[in-house]
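Source file: protein_9.cif (mmCIF, C-alpha atoms)
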```
data_structure
loop_
_atom_site.label_atom_id
_atom_site.label_comp_id
_atom_site.auth_asym_id
_atom_site.auth_seq_id
_atom_site.Cartn_x
_atom_site.Cartn_y
_atom_site.Cartn_z
CA MET C 1 44.46 67.42 280.76
CA SER C 2 44.42 70.98 279.59
CA GLU C 3 42.36 72.53 282.31
CA LEU C 4 44.48 72.25 285.43
CA SER C 5 47.00 74.55 286.96
CA ALA C 6 48.80 75.00 290.23
CA GLU C 7 47.12 78.29 290.76
CA GLY C 8 46.19 77.81 294.39
CA GLY C 9 48.44 76.96 297.25
CA HIS C 10 48.41 73.22 297.62
CA GLY C 11 48.40 72.31 294.01
CA ALA C 12 46.71 71.92 290.71
CA VAL C 13 42.96 72.33 290.53
CA PRO C 14 40.57 72.46 287.56
CA LEU C 15 40.23 75.78 285.76
CA LYS C 16 37.23 75.05 283.57
CA ASP C 17 33.62 74.22 284.33
CA VAL C 18 33.91 75.23 287.96
CA PRO C 19 30.83 77.12 289.15
CA THR C 20 31.69 80.30 291.04
CA GLY C 21 28.60 80.39 293.13
CA GLN C 22 26.35 83.22 292.12
CA GLY C 23 22.68 83.18 292.83
CA VAL C 24 22.50 79.85 294.63
CA THR C 25 20.61 80.29 297.86
CA PRO C 26 22.31 78.50 300.75
CA PRO C 27 20.05 76.00 302.54
CA GLU C 28 20.46 77.75 305.88
CA PRO C 29 20.66 81.45 306.70
CA GLU C 30 24.26 82.61 307.06
CA TRP C 31 25.60 84.20 310.24
CA PRO C 32 26.33 87.89 309.83
CA LEU C 33 29.71 88.98 308.50
CA TYR C 34 32.03 90.84 310.87
CA GLU C 35 35.13 92.83 309.96
CA VAL C 36 38.07 92.32 312.32
CA PHE C 37 40.58 94.97 313.46
CA VAL C 38 43.64 94.11 315.54
CA ARG C 39 45.96 96.36 317.55
CA GLY C 40 49.38 94.76 317.06
CA LYS C 41 50.89 96.31 320.17
CA ARG C 42 50.42 99.27 322.47
CA GLY C 43 51.01 102.53 320.67
CA LEU C 44 49.67 101.32 317.31
CA ASN C 45 46.24 101.78 315.72
CA HIS C 46 43.86 98.91 315.20
CA VAL C 47 44.34 97.64 311.64
CA HIS C 48 41.86 95.72 309.50
CA VAL C 49 42.97 92.07 309.18
CA GLY C 50 40.03 90.27 307.59
CA SER C 51 36.51 89.11 308.25
CA LEU C 52 34.57 86.20 309.71
CA HIS C 53 31.05 84.99 310.35
CA ALA C 54 29.57 84.70 313.83
CA ALA C 55 26.14 84.37 315.36
CA ASP C 56 26.69 87.30 317.73
CA ASP C 57 29.26 89.88 318.84
CA ARG C 58 30.83 87.74 321.54
CA MET C 59 31.30 84.77 319.24
CA ALA C 60 32.81 87.13 316.66
CA LEU C 61 35.38 88.26 319.19
CA LEU C 62 36.32 84.71 320.18
CA HIS C 63 36.54 83.56 316.56
CA ALA C 64 38.66 86.61 315.74
CA ARG C 65 41.06 85.62 318.50
CA ASP C 66 41.33 82.06 317.16
CA VAL C 67 41.60 82.99 313.48
CA TYR C 68 43.70 86.15 313.54
CA THR C 69 45.86 86.07 316.69
CA ARG C 70 47.33 82.58 317.06
CA ARG C 71 50.88 83.97 317.32
CA ASN C 72 50.70 87.04 319.55
CA GLU C 73 49.61 89.22 316.63
CA GLY C 74 47.56 91.45 318.85
CA VAL C 75 46.82 92.97 322.24
CA SER C 76 43.32 94.18 321.40
CA ILE C 77 40.61 93.21 318.90
CA TRP C 78 37.65 95.15 317.49
CA VAL C 79 34.88 93.37 315.63
CA VAL C 80 32.16 95.27 313.82
CA ARG C 81 29.31 94.01 311.70
CA ALA C 82 30.18 94.59 308.05
CA ASP C 83 26.72 96.00 307.35
CA ALA C 84 27.36 98.76 309.90
CA ILE C 85 30.30 100.16 307.93
CA THR C 86 29.79 103.08 305.56
CA ALA C 87 32.46 103.34 302.88
CA SER C 88 33.28 105.71 300.06
CA SER C 89 32.83 104.25 296.63
CA PRO C 90 35.96 103.74 294.51
CA ASP C 91 34.01 105.05 291.48
CA GLU C 92 33.74 108.40 293.20
CA LYS C 93 37.45 108.44 293.93
CA ASP C 94 38.30 111.64 292.07
CA PRO C 95 35.38 113.84 293.14
CA MET C 96 35.48 112.43 296.67
CA PHE C 97 39.09 113.40 297.26
CA ALA C 98 39.17 116.46 295.01
CA PRO C 99 38.98 118.90 297.96
CA SER C 100 42.42 117.73 299.13
CA GLY C 101 43.96 117.28 295.69
CA ASP C 102 44.37 120.94 294.76
CA LYS C 103 45.53 122.39 298.07
CA VAL C 104 49.27 122.08 297.78
CA TYR C 105 49.66 124.88 300.33
CA ARG C 106 48.66 122.36 303.01
CA HIS C 107 52.05 120.67 302.64
CA PRO C 108 55.22 122.01 304.29
CA THR C 109 57.17 121.64 301.03
CA PHE C 110 54.97 124.36 299.47
CA TYR C 111 56.94 127.02 301.32
CA ASP C 112 60.37 128.24 300.23
CA ILE C 113 62.57 128.92 303.22
CA SER C 114 66.11 130.05 302.75
CA ASP C 115 68.76 127.39 303.51
CA ASN C 116 70.40 129.42 306.27
CA VAL C 117 67.32 129.20 308.52
CA PRO C 118 68.00 126.35 310.99
CA HIS C 119 65.60 123.75 312.49
CA MET C 120 62.71 124.26 310.07
CA MET I 1 28.10 115.85 286.95
CA THR I 2 26.85 114.03 290.01
CA LEU I 3 28.97 111.86 292.25
CA THR I 4 27.07 108.71 291.32
CA GLU I 5 27.31 109.05 287.54
CA THR I 6 28.92 105.89 286.13
CA PRO I 7 31.51 106.28 283.37
CA PRO I 8 31.16 103.91 280.40
CA ASP I 9 32.61 100.39 280.67
CA ARG I 10 35.46 101.18 278.30
CA GLU I 11 36.74 103.82 280.65
CA LEU I 12 36.39 101.48 283.62
CA GLU I 13 38.25 98.75 281.80
CA ALA I 14 41.05 101.15 280.88
CA GLY I 15 41.31 102.11 284.55
CA PHE I 16 41.51 98.46 285.54
CA GLU I 17 44.17 97.69 282.91
CA ALA I 18 46.19 100.73 284.01
CA THR I 19 46.11 99.59 287.65
CA ILE I 20 47.37 96.13 286.62
CA ALA I 21 50.04 97.66 284.36
CA ARG I 22 51.29 99.84 287.25
CA ASN I 23 51.64 96.62 289.27
CA ASP I 24 49.16 98.17 291.67
CA ARG I 25 46.51 96.18 293.51
CA ILE I 26 42.84 95.77 292.62
CA GLU I 27 40.66 96.23 295.71
CA PRO I 28 37.22 94.77 296.46
CA ARG I 29 34.97 97.63 295.42
CA ASP I 30 36.95 98.49 292.26
CA TRP I 31 35.40 97.75 288.90
CA MET I 32 36.83 94.53 287.45
CA PRO I 33 36.10 92.44 284.35
CA GLU I 34 33.67 89.60 285.07
CA GLY I 35 36.26 87.04 283.88
CA TYR I 36 38.82 88.35 286.38
CA ARG I 37 36.29 88.15 289.19
CA ARG I 38 35.21 84.62 288.28
CA THR I 39 38.81 83.43 287.91
CA LEU I 40 39.61 84.76 291.37
CA VAL I 41 36.53 83.27 293.01
CA ARG I 42 37.33 79.89 291.51
CA GLN I 43 41.00 80.02 292.44
CA ILE I 44 40.57 81.36 295.96
CA ALA I 45 37.65 79.00 296.71
CA GLN I 46 39.55 75.92 295.53
CA HIS I 47 42.59 77.08 297.46
CA ALA I 48 40.45 77.50 300.59
CA HIS I 49 38.87 74.05 300.10
CA SER I 50 42.37 72.54 299.81
CA GLU I 51 43.33 74.02 303.18
CA ILE I 52 40.17 72.70 304.82
CA ILE I 53 40.37 69.19 303.30
CA GLY I 54 44.12 69.31 304.00
CA MET I 55 43.39 69.01 307.71
CA GLN I 56 42.27 65.41 307.26
CA PRO I 57 45.38 63.43 306.24
CA GLU I 58 47.40 64.73 309.18
CA GLY I 59 44.50 65.20 311.56
CA SER I 60 44.03 61.45 311.72
CA TRP I 61 47.42 61.18 313.50
CA ILE I 62 46.70 63.67 316.30
CA THR I 63 45.43 61.04 318.72
CA ARG I 64 48.34 58.74 317.87
CA ALA I 65 51.22 61.21 318.05
CA PRO I 66 54.30 59.59 319.63
CA SER I 67 54.83 62.27 322.32
CA LEU I 68 53.09 65.24 323.91
CA ARG I 69 55.52 67.56 322.09
CA ARG I 70 54.66 66.07 318.69
CA LYS I 71 50.97 66.13 319.53
CA ALA I 72 51.01 69.82 320.46
CA ILE I 73 52.91 70.66 317.25
CA LEU I 74 50.56 68.64 315.06
CA LEU I 75 47.49 70.17 316.70
CA ALA I 76 48.84 73.66 316.07
CA LYS I 77 49.66 72.78 312.49
CA VAL I 78 46.24 71.37 311.70
CA GLN I 79 44.61 74.37 313.40
CA ASP I 80 46.68 76.61 311.12
CA GLU I 81 45.30 74.82 308.06
CA ALA I 82 41.78 75.65 309.26
CA GLY I 83 42.91 79.25 309.76
CA HIS I 84 44.35 79.38 306.22
CA GLY I 85 41.04 78.15 304.85
CA LEU I 86 39.21 80.89 306.76
CA TYR I 87 41.57 83.69 305.59
CA LEU I 88 40.92 82.55 302.05
CA TYR I 89 37.14 82.25 302.37
CA SER I 90 37.26 85.76 303.82
CA ALA I 91 39.15 86.97 300.70
CA ALA I 92 36.69 85.16 298.39
CA GLU I 93 33.75 86.85 300.09
CA THR I 94 35.06 90.29 299.12
CA LEU I 95 34.23 89.23 295.54
CA GLY I 96 30.55 88.89 296.33
CA VAL I 97 30.13 85.19 297.03
CA SER I 98 28.91 83.72 300.29
CA ARG I 99 31.05 81.40 302.35
CA LEU I 100 28.19 78.99 302.90
CA GLU I 101 27.62 78.82 299.18
CA LEU I 102 31.26 77.89 298.59
CA THR I 103 31.01 75.18 301.25
CA GLU I 104 27.92 73.83 299.51
CA LEU I 105 29.76 73.78 296.16
CA LEU I 106 32.61 71.80 297.74
CA ILE I 107 30.31 69.32 299.43
CA ALA I 108 28.37 68.84 296.19
CA GLY I 109 31.70 68.08 294.47
CA LYS I 110 31.28 70.99 292.05
CA GLN I 111 34.37 72.84 293.22
CA LYS I 112 37.57 70.88 293.77
CA TYR I 113 40.54 70.80 296.12
CA SER I 114 44.11 69.76 295.54
CA SER I 115 44.55 66.06 294.70
CA ILE I 116 47.51 65.77 297.05
CA PHE I 117 45.09 65.31 299.94
CA ASN I 118 43.60 62.21 298.35
CA TYR I 119 46.68 60.20 299.28
CA PRO I 120 46.55 58.29 302.56
CA THR I 121 48.89 58.91 305.51
CA LEU I 122 50.09 55.42 306.36
CA SER I 123 52.78 56.11 308.97
CA TYR I 124 53.78 58.89 311.34
CA ALA I 125 56.69 59.67 309.02
CA ASP I 126 54.04 60.94 306.58
CA VAL I 127 53.37 63.84 308.95
CA GLY I 128 57.00 64.85 308.48
CA THR I 129 57.02 64.24 304.73
CA ILE I 130 53.86 66.29 304.23
CA GLY I 131 55.42 69.17 306.14
CA TRP I 132 58.67 68.97 304.20
CA LEU I 133 57.51 68.17 300.65
CA VAL I 134 53.82 69.04 300.44
CA ASP I 135 54.07 72.26 302.42
CA GLY I 136 57.41 72.95 300.70
CA ALA I 137 55.68 72.72 297.32
CA ALA I 138 52.86 74.89 298.67
CA ILE I 139 55.39 77.54 299.69
CA CYS I 140 56.78 77.57 296.11
CA ASN I 141 53.25 78.24 294.87
CA GLN I 142 52.26 80.69 297.56
CA VAL I 143 55.24 83.02 297.91
CA PRO I 144 54.68 84.55 294.43
CA LEU I 145 50.94 84.81 295.23
CA CYS I 146 51.76 87.34 297.96
CA ARG I 147 52.24 89.78 295.05
CA THR I 148 49.07 88.75 293.22
CA SER I 149 47.06 91.60 291.73
CA TYR I 150 43.99 91.17 293.93
CA GLY I 151 44.64 92.90 297.27
CA PRO I 152 42.69 90.68 299.71
CA TYR I 153 44.13 87.50 298.18
CA GLY I 154 47.69 88.80 298.41
CA ARG I 155 47.20 89.87 302.03
CA ALA I 156 45.77 86.45 302.95
CA MET I 157 48.77 84.81 301.30
CA ILE I 158 51.21 86.89 303.33
CA ARG I 159 49.63 85.56 306.53
CA VAL I 160 49.60 82.01 305.16
CA CYS I 161 53.25 82.11 304.07
CA LYS I 162 54.42 83.26 307.50
CA GLU I 163 52.78 80.22 309.06
CA GLU I 164 53.72 77.80 306.30
CA SER I 165 57.37 78.19 307.19
CA PHE I 166 56.65 76.65 310.61
CA HIS I 167 54.87 73.77 308.86
CA GLN I 168 57.80 72.95 306.65
CA ARG I 169 60.39 73.21 309.40
CA GLN I 170 58.46 71.06 311.88
CA GLY I 171 58.11 68.38 309.18
CA TYR I 172 61.76 68.42 308.24
CA GLU I 173 62.81 68.34 311.89
CA LEU I 174 60.51 65.38 312.52
CA LEU I 175 62.13 63.46 309.64
CA ALA I 176 65.65 64.46 310.76
CA THR I 177 64.85 63.14 314.24
CA MET I 178 63.68 59.81 312.80
CA MET I 179 66.79 59.61 310.60
CA ARG I 180 68.91 59.78 313.76
CA GLY I 181 66.92 56.87 315.22
CA THR I 182 66.82 53.18 314.39
CA ASP I 183 67.19 51.46 310.99
CA GLU I 184 63.49 50.80 311.10
CA GLN I 185 62.74 54.50 311.56
CA ARG I 186 65.07 55.44 308.70
CA ALA I 187 63.29 52.91 306.49
CA MET I 188 59.95 54.48 307.46
CA VAL I 189 61.18 57.90 306.34
CA GLN I 190 62.50 56.58 303.02
CA GLU I 191 59.29 54.68 302.36
CA SER I 192 57.25 57.78 303.08
CA VAL I 193 59.39 59.98 300.80
CA ASP I 194 59.09 57.34 298.05
CA ARG I 195 55.30 57.60 298.23
CA PHE I 196 55.05 61.41 298.40
CA TRP I 197 57.75 62.60 296.00
CA TRP I 198 55.78 62.11 292.77
CA PRO I 199 52.46 63.39 294.15
CA ALA I 200 54.35 66.48 295.39
CA LEU I 201 55.65 67.12 291.85
CA MET I 202 52.09 66.72 290.53
CA MET I 203 50.97 69.54 292.81
CA PHE I 204 52.30 72.06 290.27
CA GLY I 205 49.91 70.80 287.61
CA PRO I 206 50.44 69.49 284.08
CA PRO I 207 53.35 70.73 281.94
CA ASP I 208 53.02 74.27 280.55
CA ASP I 209 52.23 73.21 277.00
CA ALA I 210 49.10 71.57 278.42
CA SER I 211 47.99 74.61 280.46
CA PRO I 212 46.69 77.20 278.01
CA ASN I 213 44.71 79.02 280.68
CA THR I 214 47.80 80.02 282.60
CA ALA I 215 48.48 82.83 280.09
CA GLN I 216 45.33 84.83 280.95
CA SER I 217 45.93 84.43 284.68
CA MET I 218 49.48 85.69 284.24
CA ALA I 219 48.35 88.67 282.15
CA TRP I 220 45.99 89.65 284.94
CA GLY I 221 48.76 89.34 287.48
CA ILE I 222 46.83 86.64 289.37
CA LYS I 223 49.42 83.96 288.71
CA ARG I 224 53.09 84.92 288.58
CA HIS I 225 54.97 81.80 287.40
CA THR I 226 54.10 78.85 285.16
CA ASN I 227 53.59 75.28 286.39
CA ASP I 228 56.94 74.11 285.01
CA GLU I 229 58.88 77.07 286.44
CA LEU I 230 57.53 76.35 289.91
CA ARG I 231 58.15 72.61 289.62
CA GLN I 232 61.77 73.21 288.59
CA LYS I 233 62.26 75.57 291.51
CA PHE I 234 60.83 72.97 293.90
CA VAL I 235 63.10 70.18 292.60
CA ASP I 236 66.19 72.41 292.83
CA MET I 237 65.27 73.32 296.41
CA SER I 238 64.51 69.77 297.51
CA VAL I 239 67.61 67.95 296.24
CA PRO I 240 70.10 69.42 298.76
CA GLN I 241 67.48 69.09 301.54
CA ALA I 242 67.13 65.37 300.73
CA GLU I 243 70.91 64.98 300.79
CA ALA I 244 71.18 66.66 304.19
CA LEU I 245 68.43 64.39 305.46
CA GLY I 246 70.07 61.26 304.03
CA VAL I 247 67.14 60.06 301.90
CA THR I 248 67.05 59.16 298.22
CA LEU I 249 64.50 60.83 295.94
CA PRO I 250 62.88 58.03 293.91
CA ASP I 251 63.71 59.36 290.43
CA PRO I 252 66.42 57.59 288.39
CA GLU I 253 66.48 60.52 285.93
CA LEU I 254 67.23 63.10 288.62
CA ARG I 255 70.63 64.71 288.04
CA TRP I 256 72.30 68.13 287.98
CA ASN I 257 72.46 69.71 284.53
CA GLU I 258 75.51 71.96 284.47
CA GLU I 259 74.48 73.64 281.23
CA ARG I 260 70.99 74.62 282.41
CA GLY I 261 72.06 75.31 285.96
CA HIS I 262 69.09 73.22 287.11
CA HIS I 263 68.31 69.60 287.88
CA ASP I 264 66.87 67.38 285.18
CA PHE I 265 64.12 65.10 286.45
CA GLY I 266 61.50 62.60 285.30
CA GLN I 267 57.80 63.21 284.73
CA PRO I 268 55.20 62.10 287.27
CA ASP I 269 52.50 59.67 286.19
CA TRP I 270 49.97 62.14 284.77
CA GLU I 271 47.38 59.41 284.31
CA GLU I 272 47.40 58.75 288.03
CA PHE I 273 47.04 62.50 288.55
CA MET I 274 44.04 62.73 286.22
CA GLU I 275 42.36 59.79 287.96
CA GLY I 276 42.70 61.66 291.26
CA VAL I 277 41.23 64.81 289.74
CA LYS I 278 38.30 62.81 288.36
CA GLY I 279 37.60 61.57 291.86
CA ASN I 280 39.20 58.13 291.59
CA GLY I 281 42.21 58.76 293.86
CA PRO I 282 42.86 56.50 296.86
CA CYS I 283 40.97 58.66 299.40
CA ASN I 284 38.66 60.96 297.38
CA ALA I 285 35.43 59.39 298.59
CA GLN I 286 36.63 59.23 302.20
CA ARG I 287 37.73 62.89 302.27
CA MET I 288 34.46 64.13 300.81
CA ALA I 289 32.35 61.92 303.06
CA HIS I 290 34.24 63.18 306.11
CA ARG I 291 33.81 66.84 305.10
CA ARG I 292 30.10 66.33 304.43
CA ARG I 293 29.64 64.55 307.75
CA ALA I 294 31.46 67.29 309.67
CA HIS I 295 29.20 69.91 308.07
CA GLU I 296 26.01 67.96 308.75
CA ASP I 297 27.00 66.92 312.28
CA GLY I 298 27.76 70.55 313.05
CA ALA I 299 24.36 71.79 311.90
CA TRP I 300 22.80 71.64 315.38
CA VAL I 301 25.65 73.74 316.81
CA ARG I 302 25.10 76.43 314.19
CA GLU I 303 21.35 76.34 314.79
CA ALA I 304 21.77 76.55 318.57
CA ALA I 305 24.15 79.51 318.31
CA THR I 306 21.73 81.29 315.98
CA ALA I 307 18.83 80.68 318.38
CA TYR I 308 20.91 81.90 321.33
CA ALA I 309 21.91 85.08 319.48
CA ARG I 310 18.26 85.76 318.62
CA LYS I 311 17.26 85.27 322.26
CA GLN I 312 19.96 87.71 323.46
CA VAL I 313 18.64 90.39 321.10
CA SER I 314 15.00 89.98 322.15
CA ALA I 315 15.83 89.72 325.87
#
```
Transcribe the structure of this file into structure tokens.
Amino acid sequence: MSELSAEGGHGAVPLKDVPTGQGVTPPEPEWPLYEVFVRGKRGLNHVHVGSLHAADDRMALLHARDVYTRRNEGVSIWVVRADAITASSPDEKDPMFAPSGDKVYRHPTFYDISDNVPHM
Amino acid sequence: MTLTETPPDRELEAGFEATIARNDRIEPRDWMPEGYRRTLVRQIAQHAHSEIIGMQPEGSWITRAPSLRRKAILLAKVQDEAGHGLYLYSAAETLGVSRLELTELLIAGKQKYSSIFNYPTLSYADVGTIGWLVDGAAICNQVPLCRTSYGPYGRAMIRVCKEESFHQRQGYELLATMMRGTDEQRAMVQESVDRFWWPALMMFGPPDDASPNTAQSMAWGIKRHTNDELRQKFVDMSVPQAEALGVTLPDPELRWNEERGHHDFGQPDWEEFMEGVKGNGPCNAQRMAHRRRAHEDGAWVREAATAYARKQVSA
């Protein structure tokens, strides 16, 4: 019984010889993936909370309500198809953000102001 | 140098190791070793399956709940389990697997779910015991997972843990209410605890010396505590709760060990556990048949929604 561990939530599951599902074509086409953003309350930005599958935009919105806001977690929901999002690649992290990395003069702490100057 | 030039694997691996060493999170589009990715897919998928199958034992009591209050609570609880499954499938998908594919692997019996859900729920007291002990054990497992090294998994676990607390409290309150009732009701609670105590201890998996794979998962920051550490924590938590409830935990070896500062306790029947894992538990076949039927019976709904969406686009 060497291949079991309580690694998931509700208890021990096998660790070995479990296929992880690459390359198997599902028997039916999958609904598109939507990313879900929720505004927690007025005054806050929408924040990414997860994703879901839905046949169309309206269903995505209703599913997002049921999955991500069962306890008053939000006052507004955005859903957007995942394939419509353009993202920077983590591999490009350094070159991508280099323009901001070497401009310390953009930060207020760059400037020496004498201690006797108030409110600054 | 162009933006798309890929550094050699060694450099990528060093970056990954450094992120883990800093106790920082790995995010979906980061480079990761194939073994790390596969371990996560397997763990998150089997965790998700457990949540989905976990709706069945309690779900069968929804139509027979003793009051409208209990029915509303149980409905909300079972709906949460579905939600937990969906958060987790969502996290698994960030690793490049499809949700439908994971469902197919579950239905084909290739991926597993926790054996705890292969035990039957014979009385309404079981709804309370599952909340108290089974969800209590799940909380022990899940709280450390909030700090797991893979970002989406940790974030899903934070949501799950918030809701799990409601699950445990509603269960304990249900049992406490029955304990204030008739002798018959008190006997129902004790009988239920007698049946679920050992399976709850099994939830943490075999003893550490029989779990060699735990070490790699801990090195990667996926798992944070060993099976035995979590089991001990669960026993220590449960003993005073059982006392307050007025039930006896069915273990003659259970006693406080002053020297260790922990309770000593007996070992569950690991043969029974292995039988359940192999598919020979009391309800394995029933749970799988039900899940398969739900998927197949729902096919026409999925097809209709797809057809409707297509029609809206072309209209």
Next item on the list: Mind listing whatever residues come within 10 Å of the point (35.3, 90.4, 309.8)? Use only C-alpha atoms, file coordinates, and give them as a PyMOL selection string.
Entry: (chain C and resi 32-37+48-54+60-61+63-64+78-82) or (chain I and resi 90)
Name the residues that the PyMOL selection byres ((chain I) within 8 of (chain C)) picks from the file above, as a PDB file with C-alpha atoms, keeping the file's coordinate frame, using the file's chain letters and numbers.
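Wrote out07.pdb, looks like this:
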```pdb
ATOM      1  CA  LEU I   3      28.970 111.860 292.250  1.00  0.00           C
ATOM      2  CA  THR I   4      27.070 108.710 291.320  1.00  0.00           C
ATOM      3  CA  THR I   6      28.920 105.890 286.130  1.00  0.00           C
ATOM      4  CA  ARG I  29      34.970  97.630 295.420  1.00  0.00           C
ATOM      5  CA  ASP I  30      36.950  98.490 292.260  1.00  0.00           C
ATOM      6  CA  TRP I  31      35.400  97.750 288.900  1.00  0.00           C
ATOM      7  CA  ARG I  38      35.210  84.620 288.280  1.00  0.00           C
ATOM      8  CA  VAL I  41      36.530  83.270 293.010  1.00  0.00           C
ATOM      9  CA  ARG I  42      37.330  79.890 291.510  1.00  0.00           C
ATOM     10  CA  GLN I  43      41.000  80.020 292.440  1.00  0.00           C
ATOM     11  CA  ILE I  44      40.570  81.360 295.960  1.00  0.00           C
ATOM     12  CA  GLN I  46      39.550  75.920 295.530  1.00  0.00           C
ATOM     13  CA  HIS I  47      42.590  77.080 297.460  1.00  0.00           C
ATOM     14  CA  SER I  50      42.370  72.540 299.810  1.00  0.00           C
ATOM     15  CA  GLU I  51      43.330  74.020 303.180  1.00  0.00           C
ATOM     16  CA  GLY I  83      42.910  79.250 309.760  1.00  0.00           C
ATOM     17  CA  LEU I  86      39.210  80.890 306.760  1.00  0.00           C
ATOM     18  CA  TYR I  87      41.570  83.690 305.590  1.00  0.00           C
ATOM     19  CA  SER I  90      37.260  85.760 303.820  1.00  0.00           C
ATOM     20  CA  ALA I  91      39.150  86.970 300.700  1.00  0.00           C
ATOM     21  CA  VAL I  97      30.130  85.190 297.030  1.00  0.00           C
ATOM     22  CA  SER I  98      28.910  83.720 300.290  1.00  0.00           C
ATOM     23  CA  LEU I 100      28.190  78.990 302.900  1.00  0.00           C
ATOM     24  CA  GLU I 101      27.620  78.820 299.180  1.00  0.00           C
ATOM     25  CA  LEU I 102      31.260  77.890 298.590  1.00  0.00           C
ATOM     26  CA  GLU I 104      27.920  73.830 299.510  1.00  0.00           C
ATOM     27  CA  LEU I 105      29.760  73.780 296.160  1.00  0.00           C
ATOM     28  CA  LYS I 110      31.280  70.990 292.050  1.00  0.00           C
ATOM     29  CA  GLN I 111      34.370  72.840 293.220  1.00  0.00           C
ATOM     30  CA  LYS I 112      37.570  70.880 293.770  1.00  0.00           C
ATOM     31  CA  TYR I 113      40.540  70.800 296.120  1.00  0.00           C
ATOM     32  CA  SER I 114      44.110  69.760 295.540  1.00  0.00           C
ATOM     33  CA  SER I 115      44.550  66.060 294.700  1.00  0.00           C
ATOM     34  CA  ILE I 116      47.510  65.770 297.050  1.00  0.00           C
ATOM     35  CA  VAL I 134      53.820  69.040 300.440  1.00  0.00           C
ATOM     36  CA  ASP I 135      54.070  72.260 302.420  1.00  0.00           C
ATOM     37  CA  ALA I 137      55.680  72.720 297.320  1.00  0.00           C
ATOM     38  CA  ALA I 138      52.860  74.890 298.670  1.00  0.00           C
ATOM     39  CA  ILE I 139      55.390  77.540 299.690  1.00  0.00           C
ATOM     40  CA  ASN I 141      53.250  78.240 294.870  1.00  0.00           C
ATOM     41  CA  GLN I 142      52.260  80.690 297.560  1.00  0.00           C
ATOM     42  CA  MET I 202      52.090  66.720 290.530  1.00  0.00           C
ATOM     43  CA  MET I 203      50.970  69.540 292.810  1.00  0.00           C
ATOM     44  CA  PHE I 204      52.300  72.060 290.270  1.00  0.00           C
ATOM     45  CA  GLY I 205      49.910  70.800 287.610  1.00  0.00           C
ATOM     46  CA  PRO I 206      50.440  69.490 284.080  1.00  0.00           C
ATOM     47  CA  ALA I 210      49.100  71.570 278.420  1.00  0.00           C
ATOM     48  CA  SER I 211      47.990  74.610 280.460  1.00  0.00           C
ATOM     49  CA  PRO I 212      46.690  77.200 278.010  1.00  0.00           C
ATOM     50  CA  ASN I 213      44.710  79.020 280.680  1.00  0.00           C
ATOM     51  CA  THR I 214      47.800  80.020 282.600  1.00  0.00           C
ATOM     52  CA  LYS I 223      49.420  83.960 288.710  1.00  0.00           C
ATOM     53  CA  ASN I 227      53.590  75.280 286.390  1.00  0.00           C
ATOM     54  CA  MET I 274      44.040  62.730 286.220  1.00  0.00           C
ATOM     55  CA  VAL I 277      41.230  64.810 289.740  1.00  0.00           C
ATOM     56  CA  ALA I 305      24.150  79.510 318.310  1.00  0.00           C
ATOM     57  CA  THR I 306      21.730  81.290 315.980  1.00  0.00           C
ATOM     58  CA  ALA I 309      21.910  85.080 319.480  1.00  0.00           C
TER      59      ALA I 309
END
```
So that I can see what lies close to Val193 in chain I, please list as a JSON list (two decimals) with C-alpha atoms, in the coordinates of the input the residues with an atom at most 9 Å from it, counting all atoms listed in the file and leaving out residues fewer than 4 positions away in the same chain.
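Okay, part-v6.json is ready:
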```
[["chain", "number", "residue", "atom", "x", "y", "z"],
["I", 125, "ALA", "CA", 56.69, 59.67, 309.02],
["I", 126, "ASP", "CA", 54.04, 60.94, 306.58],
["I", 129, "THR", "CA", 57.02, 64.24, 304.73],
["I", 133, "LEU", "CA", 57.51, 68.17, 300.65],
["I", 188, "MET", "CA", 59.95, 54.48, 307.46],
["I", 189, "VAL", "CA", 61.18, 57.90, 306.34],
["I", 197, "TRP", "CA", 57.75, 62.60, 296.00],
["I", 247, "VAL", "CA", 67.14, 60.06, 301.90],
["I", 248, "THR", "CA", 67.05, 59.16, 298.22],
["I", 249, "LEU", "CA", 64.50, 60.83, 295.94],
["I", 250, "PRO", "CA", 62.88, 58.03, 293.91]]
```
Next item on the list: For CA of His167 in chain I and CA of Trp132 in chain I, determine how far apart the two atoms are, in Å to one decimal place.
Entry: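 Answer for the CA of His167 in chain I to CA of Trp132 in chain I separation: 7.7 Å.
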